[in-house]
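Below is work.txt, holding compact mmCIF, C-alpha atoms and all ligand atoms.
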```txt
# COMPACT_ATOMS: atom_id res chain seq x y z
CA VAL A 17 133.58 151.19 76.00
CA LYS A 18 134.55 147.57 76.21
CA THR A 19 136.78 146.16 73.50
CA ILE A 20 136.75 142.52 72.50
CA GLY A 21 139.13 140.51 70.35
CA VAL A 22 138.34 137.61 68.04
CA LEU A 23 140.69 134.92 66.74
CA THR A 24 140.56 131.59 64.91
CA SER A 25 142.97 128.87 66.02
CA GLY A 26 143.90 125.26 65.19
CA GLY A 27 142.54 123.65 62.02
CA ASP A 28 140.32 125.85 59.86
CA ALA A 29 136.73 124.92 59.11
CA PRO A 30 134.10 126.25 56.67
CA GLY A 31 131.75 128.56 58.56
CA MET A 32 134.43 130.20 60.70
CA ASN A 33 133.94 133.39 58.66
CA ALA A 34 130.23 133.40 59.45
CA ALA A 35 131.14 133.15 63.15
CA ILE A 36 133.67 136.01 62.89
CA ARG A 37 131.07 138.18 61.14
CA ALA A 38 128.52 137.43 63.85
CA VAL A 39 130.97 138.23 66.67
CA VAL A 40 131.96 141.55 65.06
CA ARG A 41 128.44 142.73 64.23
CA THR A 42 126.87 141.60 67.52
CA ALA A 43 129.60 143.31 69.54
CA ILE A 44 129.27 146.54 67.55
CA SER A 45 125.49 146.52 67.90
CA LYS A 46 125.97 146.29 71.67
CA GLY A 47 128.29 149.28 71.70
CA MET A 48 131.57 147.39 71.99
CA LYS A 49 134.68 147.77 69.86
CA VAL A 50 136.21 144.78 68.09
CA LYS A 51 139.79 143.88 67.24
CA GLY A 52 140.72 141.02 64.95
CA ILE A 53 143.71 138.96 66.07
CA MET A 54 145.46 137.37 63.09
CA ARG A 55 146.85 133.79 63.00
CA GLY A 56 145.48 132.57 66.32
CA TYR A 57 147.68 132.72 69.42
CA ALA A 58 150.75 133.17 67.20
CA GLY A 59 149.36 136.48 65.95
CA LEU A 60 148.43 137.51 69.48
CA LEU A 61 152.04 137.06 70.62
CA GLN A 62 153.27 138.89 67.48
CA GLU A 63 150.72 141.67 68.15
CA GLU A 64 149.11 141.22 64.73
CA ILE A 65 145.99 143.02 65.91
CA VAL A 66 143.67 145.07 63.68
CA ASP A 67 140.54 147.16 64.31
CA MET A 68 137.43 145.61 62.81
CA SER A 69 134.36 147.46 61.61
CA SER A 70 131.06 146.10 60.41
CA THR A 71 132.12 146.46 56.76
CA ASP A 72 135.35 144.52 57.36
CA VAL A 73 133.18 141.43 57.61
CA SER A 74 131.10 142.19 54.51
CA ASN A 75 131.01 139.52 51.80
CA ILE A 76 132.50 136.75 53.93
CA ILE A 77 129.51 134.71 55.13
CA PHE A 78 129.68 132.44 52.09
CA ARG A 79 133.46 132.02 52.02
CA GLY A 80 135.35 128.99 53.34
CA GLY A 81 138.56 129.36 55.34
CA THR A 82 139.04 132.20 57.81
CA ILE A 83 139.80 135.82 56.96
CA LEU A 84 141.79 136.04 60.22
CA TYR A 85 144.00 133.09 59.14
CA THR A 86 144.87 130.40 61.65
CA ALA A 87 148.02 128.86 63.07
CA ARG A 88 149.36 126.54 65.69
CA CYS A 89 151.58 128.17 68.29
CA MET A 90 153.79 126.12 70.60
CA GLU A 91 154.93 129.20 72.53
CA PHE A 92 151.40 129.73 73.81
CA VAL A 93 151.38 126.29 75.46
CA THR A 94 153.97 127.59 77.97
CA PRO A 95 153.01 129.68 81.04
CA GLU A 96 155.38 132.45 79.85
CA GLY A 97 153.63 132.59 76.47
CA GLN A 98 150.21 132.74 78.12
CA GLN A 99 151.35 135.48 80.51
CA GLN A 100 152.68 137.47 77.58
CA GLY A 101 149.40 136.93 75.70
CA ALA A 102 147.39 138.30 78.61
CA GLU A 103 149.70 141.34 78.88
CA ILE A 104 149.36 142.05 75.15
CA CYS A 105 145.57 141.95 75.53
CA ARG A 106 145.78 144.53 78.33
CA LYS A 107 148.19 146.68 76.33
CA HIS A 108 145.72 146.80 73.41
CA GLY A 109 142.77 147.44 75.72
CA ILE A 110 141.23 144.05 74.91
CA ASP A 111 139.20 142.89 77.90
CA GLY A 112 137.49 139.94 76.29
CA ILE A 113 138.33 137.40 73.56
CA VAL A 114 136.29 135.02 71.43
CA VAL A 115 138.37 131.96 70.48
CA ILE A 116 137.02 129.97 67.54
CA GLY A 117 138.76 126.58 67.38
CA GLY A 118 139.01 123.11 68.89
CA ASP A 119 139.96 121.51 72.21
CA GLY A 120 143.59 122.67 72.05
CA SER A 121 142.50 126.24 71.42
CA PHE A 122 140.07 126.05 74.35
CA ARG A 123 142.86 124.91 76.71
CA GLY A 124 144.63 128.13 75.72
CA ALA A 125 141.42 130.11 76.20
CA GLY A 126 141.00 128.66 79.70
CA LYS A 127 144.53 129.82 80.55
CA LEU A 128 143.81 133.36 79.31
CA ALA A 129 140.63 133.40 81.42
CA SER A 130 142.61 132.44 84.53
CA LEU A 131 144.96 135.37 83.79
CA GLY A 132 142.07 137.84 83.87
CA VAL A 133 141.13 138.12 80.19
CA ASN A 134 137.46 137.21 79.72
CA THR A 135 137.31 134.40 77.18
CA ILE A 136 134.52 132.59 75.35
CA GLY A 137 135.14 129.60 73.06
CA VAL A 138 133.20 128.73 69.91
CA PRO A 139 133.59 125.16 68.57
CA GLY A 140 135.10 125.26 65.08
CA THR A 141 136.37 121.98 63.64
CA ILE A 142 135.29 119.65 60.84
CA ASP A 143 136.08 116.67 63.10
CA LEU A 144 133.06 117.06 65.46
CA ASP A 145 135.39 115.87 68.23
CA ILE A 146 134.41 118.35 70.96
CA ALA A 147 132.67 116.44 73.74
CA CYS A 148 130.29 119.09 75.10
CA THR A 149 128.57 119.81 71.78
CA ASP A 150 126.56 117.85 69.21
CA TYR A 151 127.54 120.38 66.51
CA THR A 152 130.83 121.99 65.52
CA ILE A 153 131.30 124.62 62.82
CA GLY A 154 132.44 123.02 59.56
CA PHE A 155 131.37 119.42 60.09
CA ASP A 156 128.25 119.76 57.96
CA THR A 157 130.14 121.27 55.03
CA ALA A 158 132.95 118.72 55.32
CA VAL A 159 130.63 115.68 55.31
CA ASN A 160 128.72 117.10 52.35
CA THR A 161 131.97 117.68 50.44
CA ALA A 162 133.19 114.18 51.25
CA MET A 163 129.81 112.64 50.41
CA GLU A 164 129.77 114.23 46.95
CA ALA A 165 133.34 113.14 46.25
CA ILE A 166 132.59 109.57 47.37
CA ASP A 167 129.54 109.43 45.06
CA LYS A 168 131.90 110.20 42.18
CA VAL A 169 134.41 107.53 43.16
CA ARG A 170 131.52 105.10 43.53
CA ASP A 171 130.41 105.61 39.89
CA THR A 172 133.77 104.66 38.48
CA SER A 173 134.23 101.94 41.06
CA THR A 174 130.98 100.32 39.87
CA SER A 175 131.84 100.64 36.17
CA HIS A 176 135.14 98.90 36.71
CA GLU A 177 133.79 96.48 39.34
CA ARG A 178 136.49 97.58 41.72
CA CYS A 179 136.96 97.76 45.41
CA SER A 180 137.61 101.32 46.67
CA ILE A 181 139.01 102.45 49.96
CA ILE A 182 138.23 106.11 50.52
CA GLU A 183 140.00 107.85 53.37
CA VAL A 184 138.20 110.76 55.02
CA MET A 185 139.46 113.26 57.59
CA GLY A 186 138.51 113.50 61.27
CA ARG A 187 141.81 113.01 63.08
CA ASN A 188 141.17 110.45 65.83
CA ALA A 189 137.40 110.76 65.55
CA GLY A 190 135.24 108.72 63.19
CA TYR A 191 132.26 111.07 62.79
CA ILE A 192 132.95 112.05 59.17
CA ALA A 193 133.59 108.39 58.30
CA LEU A 194 130.40 107.21 59.99
CA TRP A 195 128.20 109.87 58.41
CA CYS A 196 129.65 109.28 54.95
CA GLY A 197 129.38 105.54 55.49
CA ILE A 198 125.63 105.89 55.99
CA ALA A 199 125.09 108.66 53.40
CA ASN A 200 127.08 106.90 50.69
CA GLY A 201 125.83 103.41 51.48
CA ALA A 202 129.35 102.09 51.99
CA GLU A 203 129.92 98.35 52.32
CA ASP A 204 132.32 98.90 55.22
CA ILE A 205 133.23 101.73 57.59
CA LEU A 206 136.48 101.67 59.54
CA LEU A 207 136.28 103.90 62.63
CA PRO A 208 139.18 104.60 65.00
CA GLU A 209 136.74 104.14 67.90
CA ARG A 210 135.71 100.63 66.77
CA TYR A 211 138.17 99.07 64.30
CA ASP A 212 140.02 96.12 65.82
CA GLY A 213 142.56 95.79 63.02
CA ASN A 214 141.09 92.51 61.81
CA GLU A 215 141.86 92.87 58.11
CA GLN A 216 141.07 89.22 57.37
CA ALA A 217 137.45 89.77 58.43
CA LEU A 218 137.32 92.78 56.09
CA ILE A 219 138.73 90.69 53.22
CA ASP A 220 136.20 87.90 53.92
CA ARG A 221 133.35 90.40 53.72
CA ILE A 222 134.65 91.72 50.37
CA ILE A 223 134.78 88.19 48.93
CA GLU A 224 131.32 87.44 50.32
CA ASN A 225 129.92 90.67 48.82
CA ARG A 226 131.37 89.80 45.43
CA LYS A 227 129.81 86.33 45.58
CA ARG A 228 126.44 87.95 46.33
CA GLY A 229 126.80 90.01 43.15
CA LYS A 230 127.91 93.43 44.47
CA LYS A 231 129.67 95.27 41.65
CA HIS A 232 131.71 97.62 43.78
CA ASN A 233 132.88 97.53 47.36
CA ILE A 234 133.19 100.92 49.01
CA ILE A 235 135.17 101.04 52.23
CA ILE A 236 135.24 104.34 54.10
CA ASN A 237 138.41 104.51 56.16
CA ALA A 238 138.96 107.18 58.82
CA GLU A 239 142.14 109.28 58.97
CA GLY A 240 142.75 107.96 62.50
CA ILE A 241 143.30 104.49 61.04
CA GLY A 242 144.99 105.63 57.84
CA HIS A 243 147.31 103.43 55.73
CA SER A 244 144.67 103.22 52.98
CA THR A 245 147.20 102.69 50.16
CA SER A 246 148.92 99.71 51.77
CA MET A 247 145.57 98.30 52.85
CA ALA A 248 144.37 98.48 49.22
CA ARG A 249 147.46 96.58 48.07
CA ARG A 250 146.90 93.81 50.61
CA ILE A 251 143.18 93.53 49.79
CA GLU A 252 143.91 93.26 46.06
CA ALA A 253 146.50 90.54 46.70
CA ALA A 254 144.15 88.59 48.95
CA THR A 255 140.93 88.90 46.89
CA GLY A 256 142.15 89.23 43.32
CA ILE A 257 139.75 92.19 43.00
CA GLU A 258 141.30 95.39 41.69
CA THR A 259 141.44 97.75 44.68
CA ARG A 260 142.23 101.47 44.72
CA ALA A 261 142.76 103.92 47.54
CA THR A 262 141.54 107.53 47.36
CA ILE A 263 142.60 109.91 50.12
CA LEU A 264 140.24 112.90 50.00
CA GLY A 265 142.52 115.13 52.10
CA HIS A 266 142.26 118.88 52.53
CA MET A 267 139.42 119.42 50.06
CA GLN A 268 137.24 118.48 53.05
CA ARG A 269 138.42 121.56 54.97
CA GLY A 270 137.52 124.09 52.29
CA GLY A 271 134.67 125.26 50.15
CA THR A 272 131.60 127.37 50.59
CA PRO A 273 129.86 126.57 53.90
CA THR A 274 126.47 124.86 53.86
CA CYS A 275 123.34 126.66 55.05
CA LYS A 276 123.50 124.86 58.40
CA ASP A 277 127.12 125.86 58.99
CA ARG A 278 126.36 129.51 58.14
CA VAL A 279 123.29 129.66 60.38
CA TYR A 280 124.69 127.77 63.38
CA ALA A 281 128.04 129.61 63.19
CA SER A 282 126.15 132.93 63.11
CA ILE A 283 124.08 131.99 66.17
CA MET A 284 127.14 130.74 68.08
CA GLY A 285 129.23 133.81 67.19
CA ALA A 286 126.41 136.12 68.29
CA ARG A 287 126.00 134.17 71.54
CA ALA A 288 129.72 134.42 72.28
CA ALA A 289 129.72 138.22 71.89
CA GLU A 290 126.57 138.47 74.06
CA LEU A 291 128.21 136.40 76.82
CA LEU A 292 131.23 138.73 76.84
CA CYS A 293 128.88 141.73 76.92
CA GLU A 294 127.20 140.22 80.00
CA GLY A 295 130.61 139.98 81.68
CA LYS A 296 130.83 136.17 81.40
CA SER A 297 134.18 134.42 81.03
CA ASN A 298 135.67 130.91 80.74
CA ARG A 299 132.61 129.58 78.85
CA LEU A 300 132.19 127.48 75.70
CA VAL A 301 129.22 127.95 73.41
CA ALA A 302 127.71 124.56 72.51
CA TYR A 303 124.73 122.92 70.85
CA LYS A 304 123.26 120.18 73.01
CA HIS A 305 119.93 118.30 72.76
CA GLY A 306 118.65 120.76 70.15
CA GLU A 307 119.52 123.96 72.01
CA PHE A 308 122.34 126.50 72.07
CA VAL A 309 123.87 126.51 75.55
CA ASP A 310 127.21 127.27 77.22
CA PHE A 311 129.51 125.36 79.55
CA ASP A 312 132.42 126.11 81.86
CA ILE A 313 135.60 125.52 79.78
CA GLN A 314 137.29 123.15 82.24
CA GLU A 315 134.11 121.13 82.75
CA ALA A 316 133.60 120.94 78.98
CA LEU A 317 137.18 119.72 78.44
CA GLN A 318 136.59 116.92 80.98
CA MET A 319 133.54 115.60 79.14
CA LYS A 320 133.76 112.50 76.97
CA LYS A 321 131.81 111.51 73.92
CA ASP A 322 131.70 108.53 71.61
CA ILE A 323 130.19 107.81 68.22
CA SER A 324 126.63 106.51 68.37
CA GLU A 325 126.52 102.72 68.66
CA GLU A 326 123.01 102.82 67.22
CA GLN A 327 124.15 104.72 64.12
CA PHE A 328 127.08 102.35 63.65
CA GLU A 329 124.82 99.28 63.92
CA ILE A 330 122.34 100.78 61.44
CA ALA A 331 125.17 101.56 59.01
CA LYS A 332 126.37 97.96 59.16
CA MET A 333 122.87 96.52 58.79
CA LEU A 334 122.07 98.69 55.78
CA ALA A 335 125.31 97.74 54.02
CA ARG A 336 124.37 94.05 53.79
P1 LIG B 401 142.52 122.66 67.93
O1 LIG B 401 142.18 123.93 68.61
O2 LIG B 401 141.85 122.54 66.58
O3 LIG B 401 142.34 121.46 68.82
P2 LIG B 401 145.41 122.55 68.38
O4 LIG B 401 145.32 121.40 69.29
O5 LIG B 401 146.51 122.58 67.39
O6 LIG B 401 144.07 122.74 67.51
O7 LIG B 401 145.48 123.87 69.26
C1 LIG B 401 145.58 125.13 68.67
C2 LIG B 401 146.50 126.01 69.48
O8 LIG B 401 145.99 126.17 70.80
C3 LIG B 401 147.91 125.47 69.67
O9 LIG B 401 148.75 125.73 68.60
C4 LIG B 401 148.36 126.23 70.91
O10 LIG B 401 148.77 127.54 70.59
C5 LIG B 401 147.05 126.33 71.72
N1 LIG B 401 147.05 125.26 72.74
C6 LIG B 401 146.90 123.92 72.54
N2 LIG B 401 146.99 123.24 73.69
C7 LIG B 401 147.20 124.15 74.66
C8 LIG B 401 147.39 124.09 76.09
N3 LIG B 401 147.37 122.94 76.75
N4 LIG B 401 147.57 125.26 76.74
C9 LIG B 401 147.58 126.43 76.09
N5 LIG B 401 147.43 126.56 74.77
C10 LIG B 401 147.24 125.44 74.05
```
For the structure just supplied, provide its representation as structure tokens.
Amino acid sequence: VKTIGVLTSGGDAPGMNAAIRAVVRTAISKGMKVKGIMRGYAGLLQEEIVDMSSTDVSNIIFRGGTILYTARCMEFVTPEGQQQGAEICRKHGIDGIVVIGGDGSFRGAGKLASLGVNTIGVPGTIDLDIACTDYTIGFDTAVNTAMEAIDKVRDTSTSHERCSIIEVMGRNAGYIALWCGIANGAEDILLPERYDGNEQALIDRIIENRKRGKKHNIIINAEGIGHSTSMARRIEAATGIETRATILGHMQRGGTPTCKDRVYASIMGARAAELLCEGKSNRLVAYKHGEFVDFDIQEALQMKKDISEEQFEIAKMLAR
């Protein structure tokens, strides 16, 4: 009987549990055994490896976070660490691994594959910053959480006729900022991919908006740009309009996953276990042009993607 391992690595994302559940139950239904590897590659090197049965993944589909925990592990970036990881897999009879995580985690997965451990990656990150896929586990929940929080800030911002800068997550990618910008009808969206640092132009737009009678001025700022608090201070000084910064932070990484995140994570987790069952290795499960597909890990890591210019233009047009 083949045995597969499953781990979550890098930043956590709501829906990872649904993916773990799908990996475990699909593998078991195909006659394989499953081991859970705790704390990503760190737990692999520490041999924190547990047997997983179908009931071990009961009552988790609706929970945020990851029951396997997650960690970053510098040791695994070294060839010695990777070699040791592959040996530990062999020692525990693990001949295939599903890695749920982001680009960094997939680099590690590619290394394990080259050392003879069959590996399949599943994209799990709220940032949506994985080039080969139009969907990543957790993005939908994160944008919905951020959107609801921004609605609340907007209410009080309007009442007090303030300017609000709301900083959302996304690391160097602006997807959460762009989606919230459109969904929340923000007056301005600052994206790492597009922002030229021209704060005077931003200030001019705020003054112009106020003249046109806008009560509030919502600016969605992406984590990749940051500095929301100091920006708020400068805007207030330049415009005379009371300006507050709200940094949403880690609330965006937690919470009960949306329907979409549960369903897509389940499909991707099942697909990953099926690929291992078919003897495939070094593949990433992805969602592209409306279909679930898979790509070679190295080819996927070479791909580039950018935020949609069309969506950005529409967001700007609708904010006027
Ligand atoms: P994410 O997977 O969300 O992009 P990280 O970039 O932190 O998160 O990567 C998660 C883990 O993957 C790292 O802590 C490390 O153990 C492993 N990893 C990252 N880059 C590499 C690499 N180039 N080679 C091997 N392992 C890597």
Subject >> Separation of CA of Glu177 in chain A from CA of Thr262 in chain A in Å >> reply: 15.7 Å
Centre, x/y/z edge lengths, axis-aligned box for ligand LIG 401 (chain B) with 3 Å per side, as lines of an AutoDock Vina configuration file:
```
center_x = 145.3
center_y = 124.5
center_z = 71.7
size_x = 12.9
size_y = 12.1
size_z = 16.2
```
**OP:** List all protein, DNA and RNA residues that have an atom no more than 7 Å from any atom of ligand LIG 401 (chain B), counting all atoms listed in the file, and report them as a list in words.
**Re:**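 Counting all atoms listed in the file, the residues within 7 Å of ligand LIG 401 (chain B) come out as Ser25, Gly26, Gly27, Tyr57, Ala58, Ala87, Arg88, Cys89, Met90, Glu91, Phe92, Val93, Thr94, Gly117, Gly118, Asp119, Gly120, Ser121, Phe122, Arg123, Gly124, Lys127 and Thr141 of chain A.
Atom pair CA of Gln62 in chain A / CA of Glu96 in chain A has a distance of 14.1 Å (rounded to one decimal).
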Per residue of range 254-305 of chain A within 6 Å of range 153-157 of chain A, note the shortest atom pair and the distance in Å to one decimal, counting only C-alpha atoms, and order the rows by chain and increasing residue number, as JSON lines.
```
{"residue": "A:Pro273", "atom": "CA", "partner": "A:Thr157", "partner_atom": "CA", "distance": 5.4}
{"residue": "A:Thr274", "atom": "CA", "partner": "A:Thr157", "partner_atom": "CA", "distance": 5.3}
{"residue": "A:Asp277", "atom": "CA", "partner": "A:Ile153", "partner_atom": "CA", "distance": 5.8}
{"residue": "A:Ala281", "atom": "CA", "partner": "A:Ile153", "partner_atom": "CA", "distance": 6.0}
```
C-alpha atoms of the current selection, written as a PDB file, in the frame of the given file:
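Result saved to result-v1.pdb:
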```pdb
ATOM      1  CA  PRO A 273     129.860 126.570  53.900  1.00  0.00           C
ATOM      2  CA  THR A 274     126.470 124.860  53.860  1.00  0.00           C
ATOM      3  CA  ASP A 277     127.120 125.860  58.990  1.00  0.00           C
ATOM      4  CA  ALA A 281     128.040 129.610  63.190  1.00  0.00           C
TER       5      ALA A 281
END
```
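Minimum atom-to-atom distance to Ile182 in chain A, evaluated using all atoms listed in the file, belongs to A:Ala261 out of A:Ile219, A:Ala102, A:Ala261, A:Ile36.
Going from CA of Val133 in chain A to CA of Val22 in chain A covers 12.5 Å.
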Can you tell me, as an mmCIF file with C-alpha atoms, in the frame of the given file, what residues are no more than 12 Å from Ile76 in chain A when counting only C-alpha atoms, ignoring any on the same chain fewer than 5 positions away?
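And here's part_0.cif as it stands now:
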```cif
data_model
loop_
_atom_site.group_PDB
_atom_site.id
_atom_site.type_symbol
_atom_site.label_atom_id
_atom_site.label_comp_id
_atom_site.auth_asym_id
_atom_site.auth_seq_id
_atom_site.Cartn_x
_atom_site.Cartn_y
_atom_site.Cartn_z
ATOM 1 C CA PRO A 30 134.100 126.250 56.670
ATOM 2 C CA GLY A 31 131.750 128.560 58.560
ATOM 3 C CA MET A 32 134.430 130.200 60.700
ATOM 4 C CA ASN A 33 133.940 133.390 58.660
ATOM 5 C CA ALA A 34 130.230 133.400 59.450
ATOM 6 C CA ALA A 35 131.140 133.150 63.150
ATOM 7 C CA ILE A 36 133.670 136.010 62.890
ATOM 8 C CA ARG A 37 131.070 138.180 61.140
ATOM 9 C CA ALA A 38 128.520 137.430 63.850
ATOM 10 C CA SER A 70 131.060 146.100 60.410
ATOM 11 C CA THR A 71 132.120 146.460 56.760
ATOM 12 C CA GLY A 81 138.560 129.360 55.340
ATOM 13 C CA THR A 82 139.040 132.200 57.810
ATOM 14 C CA ILE A 83 139.800 135.820 56.960
ATOM 15 C CA LEU A 84 141.790 136.040 60.220
ATOM 16 C CA THR A 272 131.600 127.370 50.590
ATOM 17 C CA PRO A 273 129.860 126.570 53.900
ATOM 18 C CA ARG A 278 126.360 129.510 58.140
ATOM 19 C CA SER A 282 126.150 132.930 63.110
#
```
Subject >> Best match for closeness to Ser175 in chain A among A:Val138, A:Gly270, A:Lys231, A:Ser74, counting all atoms listed in the file >> reply: A:Lys231
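For the set A:Met54, A:Gln216, A:Val114, A:Gly295, the residue with the smallest atom-to-atom gap to Gly126 in chain A is A:Val114, counting all atoms listed in the file.
All residues of protein, DNA or RNA that reach within 6 Å of range 142-149 of chain A, judged by all atoms listed in the file and not counting those fewer than 6 positions away in the chain, are Ala29, Phe155, Gly186, Ala302, Tyr303, Lys304, Ala316, Met319, Lys320 and Lys321 of chain A.
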Original post:
Which residue gives the smallest distance to Ala162 in chain A among A:Asn214, A:Gln268, A:Thr259, A:Ser246, with all atoms listed in the file counted?
Top reply: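 Under the stated criterion, the closest residue is A:Gln268.
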**OP:** Write out as a ChimeraX atom specification the residues lying within 12 Å of Met247 in chain A, counting all atoms listed in the file and excluding same-chain residues fewer than 2 positions away.
**Re:** /A:179-183,206,213-216,218-219,235,237,241-245,249-254,259-262
Subject >> Counting only C-alpha atoms, the residue of A:Ile234, A:Ser69, A:Gly201, A:Val159 that sits nearest Thr172 in chain A >> reply: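 The shortest atom-to-atom distance to Thr172 in chain A comes from A:Ile234.
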**OP:** Would you kindly return, as JSON, numbers by chain, each protein, DNA or RNA residue with an atom no farther than 9 Å from any atom of range 322-335 of chain A, considering only C-alpha atoms and excluding same-chain residues fewer than 3 positions away?
**Re:** {"A": [145, 147, 189, 190, 191, 194, 195, 197, 198, 201, 202, 203, 204, 205, 209]}
**OP:** Select, from A:Asn233, A:Glu315, A:Lys276, A:Glu307, the residue with the minimum atom-to-atom distance to Arg221 in chain A, counting only C-alpha atoms.
**Re:**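 Ranked by minimum distance to Arg221 in chain A, first place goes to A:Asn233.
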Please write a file for range 119-152 of chain A, taken from the block I just shared, that holds C-alpha atoms and is laid out as a short mmCIF file (atom, residue, chain, number, x, y, z; two decimals), in the first residue's frame.
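The resulting result38.cif:
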```cif
data_model
loop_
_atom_site.label_atom_id
_atom_site.label_comp_id
_atom_site.auth_asym_id
_atom_site.auth_seq_id
_atom_site.Cartn_x
_atom_site.Cartn_y
_atom_site.Cartn_z
CA ASP A 119 5.64 29.79 -4.04
CA GLY A 120 8.31 29.29 -1.37
CA SER A 121 6.72 26.03 -0.28
CA PHE A 122 6.58 24.87 -3.91
CA ARG A 123 10.31 25.53 -4.37
CA GLY A 124 10.82 23.13 -1.46
CA ALA A 125 8.36 20.66 -3.01
CA GLY A 126 10.27 20.76 -6.30
CA LYS A 127 13.47 19.90 -4.42
CA LEU A 128 11.81 16.93 -2.69
CA ALA A 129 10.55 15.71 -6.08
CA SER A 130 14.09 15.84 -7.50
CA LEU A 131 15.23 13.71 -4.54
CA GLY A 132 12.75 10.97 -5.42
CA VAL A 133 9.76 11.82 -3.22
CA ASN A 134 6.65 12.30 -5.37
CA THR A 135 5.27 15.75 -4.62
CA ILE A 136 2.14 17.65 -5.59
CA GLY A 137 1.54 21.29 -4.63
CA VAL A 138 -1.81 22.89 -3.81
CA PRO A 139 -1.96 26.72 -3.88
CA GLY A 140 -2.87 28.03 -0.42
CA THR A 141 -2.41 31.74 0.21
CA ILE A 142 -4.72 34.71 0.77
CA ASP A 143 -2.46 36.82 -1.46
CA LEU A 144 -3.47 35.23 -4.82
CA ASP A 145 0.16 35.73 -5.87
CA ILE A 146 0.78 32.36 -7.54
CA ALA A 147 1.26 32.94 -11.26
CA CYS A 148 -0.07 29.67 -12.71
CA THR A 149 -3.50 29.89 -11.07
CA ASP A 150 -6.45 32.28 -11.09
CA TYR A 151 -7.53 30.99 -7.66
CA THR A 152 -5.68 30.30 -4.42
#
```
